[in-house]
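Heads up, the thing below is written out as structure tokens.
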Amino acid sequence: MLSRREADAPFPAETRLEALRYVVVDTELTSLDSLSNRILSIGAIAMEGGKIRLGEQFYCVVDPGVPVPVETILIHGLRPIDVIEGKSPNDAVAEFLHFSQGAVLVGHFISIDLAALKKELPSEAQVLDRPALDTARIQRWLDMRRNAYQEDRGHHVESVDLASLAVRYKLEVREAHHALYDAFLTAQLWQRLMAELALRKVRTWGELMRIGKAK
């Protein structure tokens, strides 16, 4: 288990974004019902600043201990026969935390992933206390400054789901709803967002946390 200090991974506010290690994560779940869903797979890839570390990947299939809803198999492609030999949820999340030790977690609508990870640990604080960024929140912030995201004024709102942003940034989608591929896609998105943030003179950890901290 990680110590509280390791889990917190505190960074001075003036830390440059390119000096941080990130672990971009995605999960596939039995459903989107936050009260009852369980993890089916975890995918993650590491980044050093804006560089994706293709050799540092994490992926595992998880046996959720509950039936896999038939209607969701067409989405994530994980059948009961695929997950029956998967890791236990507790072991899978513990291994993921070890992989992501000392890093900032990054994900698209990452609060969904964090909530699912949280449920699988005896001690929830390790997940909740890990710094985490939501690329969807960051994209919305950027869109507001381009006057493209005008929700309160009733103007056209550009979608910030991952598939739509892949089209917007001309990113290749290899296999949607596969945890590792979606993590890699989100890592590429995060590269683009870091470049956009630099143009907006957002270059430090303290500045970024006011914009994209996961809720």
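Here's how to read the names in the structure tokens: chain A, B, ... by the order shown, residue numbers from 1 in each chain, ligand numbers from 1 in the order shown.
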
- For segment 101-118 of chain A, please output as a ChimeraX atom specification all residues within 6 Å (counting only C-alpha atoms; exclusion window: fewer than 3 positions along the same chain). /A:9,21-25,27,97-98,121,124,127,131-136

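Within the 10 Å cut-off around Asn37 of chain A, using only C-alpha atoms and omitting residues fewer than 4 positions from it on the same chain, the listed residues are Glu28, Leu29, Thr30, Ser31, Leu32, Asp33, Pro64, Val66, Val68, Ala115, Ala116 and Lys119 of chain A.
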
May I have the selected residues written with N, CA and C atoms, as a short mmCIF file (atom, residue, chain, number, x, y, z; two decimals), in the first residue's frame?
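The resulting result_16.cif:
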```cif
data_model
loop_
_atom_site.label_atom_id
_atom_site.label_comp_id
_atom_site.auth_asym_id
_atom_site.auth_seq_id
_atom_site.Cartn_x
_atom_site.Cartn_y
_atom_site.Cartn_z
N GLU A 28 -13.27 0.34 -18.26
CA GLU A 28 -14.53 -0.15 -18.81
C GLU A 28 -15.32 -0.74 -17.65
N LEU A 29 -16.61 -0.45 -17.62
CA LEU A 29 -17.44 -0.78 -16.47
C LEU A 29 -18.64 -1.62 -16.89
N THR A 30 -19.23 -2.30 -15.91
CA THR A 30 -20.42 -3.09 -16.21
C THR A 30 -21.60 -2.22 -16.60
N SER A 31 -21.62 -0.98 -16.12
CA SER A 31 -22.68 -0.03 -16.48
C SER A 31 -22.23 1.36 -16.06
N LEU A 32 -23.05 2.36 -16.34
CA LEU A 32 -22.75 3.73 -15.90
C LEU A 32 -23.48 4.09 -14.62
N ASP A 33 -24.14 3.12 -14.01
CA ASP A 33 -24.81 3.34 -12.74
C ASP A 33 -23.76 3.36 -11.63
N PRO A 64 -15.36 -8.91 -12.34
CA PRO A 64 -16.08 -8.02 -11.42
C PRO A 64 -16.82 -8.74 -10.30
N VAL A 66 -19.63 -10.09 -10.57
CA VAL A 66 -21.07 -9.97 -10.83
C VAL A 66 -21.30 -10.27 -12.32
N VAL A 68 -21.97 -9.91 -16.21
CA VAL A 68 -21.75 -8.85 -17.18
C VAL A 68 -23.04 -8.64 -17.96
N ALA A 115 -14.43 7.10 -9.25
CA ALA A 115 -15.49 6.54 -8.40
C ALA A 115 -15.49 5.02 -8.47
N ALA A 116 -15.27 4.47 -9.67
CA ALA A 116 -15.24 3.02 -9.82
C ALA A 116 -14.01 2.41 -9.14
N LYS A 119 -14.32 2.26 -5.23
CA LYS A 119 -15.16 1.22 -4.64
C LYS A 119 -14.43 -0.10 -4.44
#
```

Segment 74-88 of chain A: which residues within 6 Å, counting only C-alpha atoms, same-chain residues fewer than 5 positions away excluded, as a compact mmCIF listing (two decimals) with N, CA and C atoms, in the first residue's frame?
```
# COMPACT_ATOMS: atom_id res chain seq x y z
N VAL A 61 -7.63 -7.11 -17.45
CA VAL A 61 -9.04 -7.45 -17.43
C VAL A 61 -9.39 -7.86 -16.01
N VAL A 62 -10.57 -7.48 -15.58
CA VAL A 62 -10.98 -7.68 -14.19
C VAL A 62 -12.23 -8.56 -14.14
N ASP A 63 -12.21 -9.51 -13.24
CA ASP A 63 -13.42 -10.29 -12.97
C ASP A 63 -14.23 -9.51 -11.94
N HIS A 177 -13.92 2.21 -26.75
CA HIS A 177 -14.38 1.46 -25.59
C HIS A 177 -13.48 0.26 -25.27
```

- Item | Which of segment 96-202 of chain A DSSP labels strand (DSSP E or B), written as a VMD selection string | chain A and resid 104 to 107 132 to 134 149 157

- alpha helix (DSSP H) positions in segment 31-183 of chain A, given as a VMD selection string: chain A and resid 70 to 76 80 to 83 89 to 99 110 to 119 125 to 128 135 to 145 162 to 168 179 to 183

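In this comparison, which uses only C-alpha atoms, the residue of A:Leu189, A:Ile45, A:Ala198, A:Ala183 approaching Val160 of chain A most closely is A:Leu189.
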
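Taking only C-alpha atoms into account, Cys60 of chain A lies nearest to A:Ser41 out of the set A:Gln139, A:Ser41, A:Thr72, A:Thr186.
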
- Item | Distance of atom CA of Gly50 of chain A from atom CA of Gln191 of chain A, expressed in Å to one decimal place | 5.4 Å

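Minimum atom-to-atom distances from A:Ala176, A:Ile42, A:Ala214, A:Leu142 to Val202 of chain A were compared using only C-alpha atoms, and the lowest value belongs to A:Leu142.
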
- Counting only C-alpha atoms, the residue among A:Ile211, A:Ile138, A:Val167, A:Leu35 that lies closest to Leu193 of chain A is A:Ile138

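Taking atom CA of Glu172 of chain A as the reference point, atom CA of Ile73 of chain A is found at 23.0 Å.
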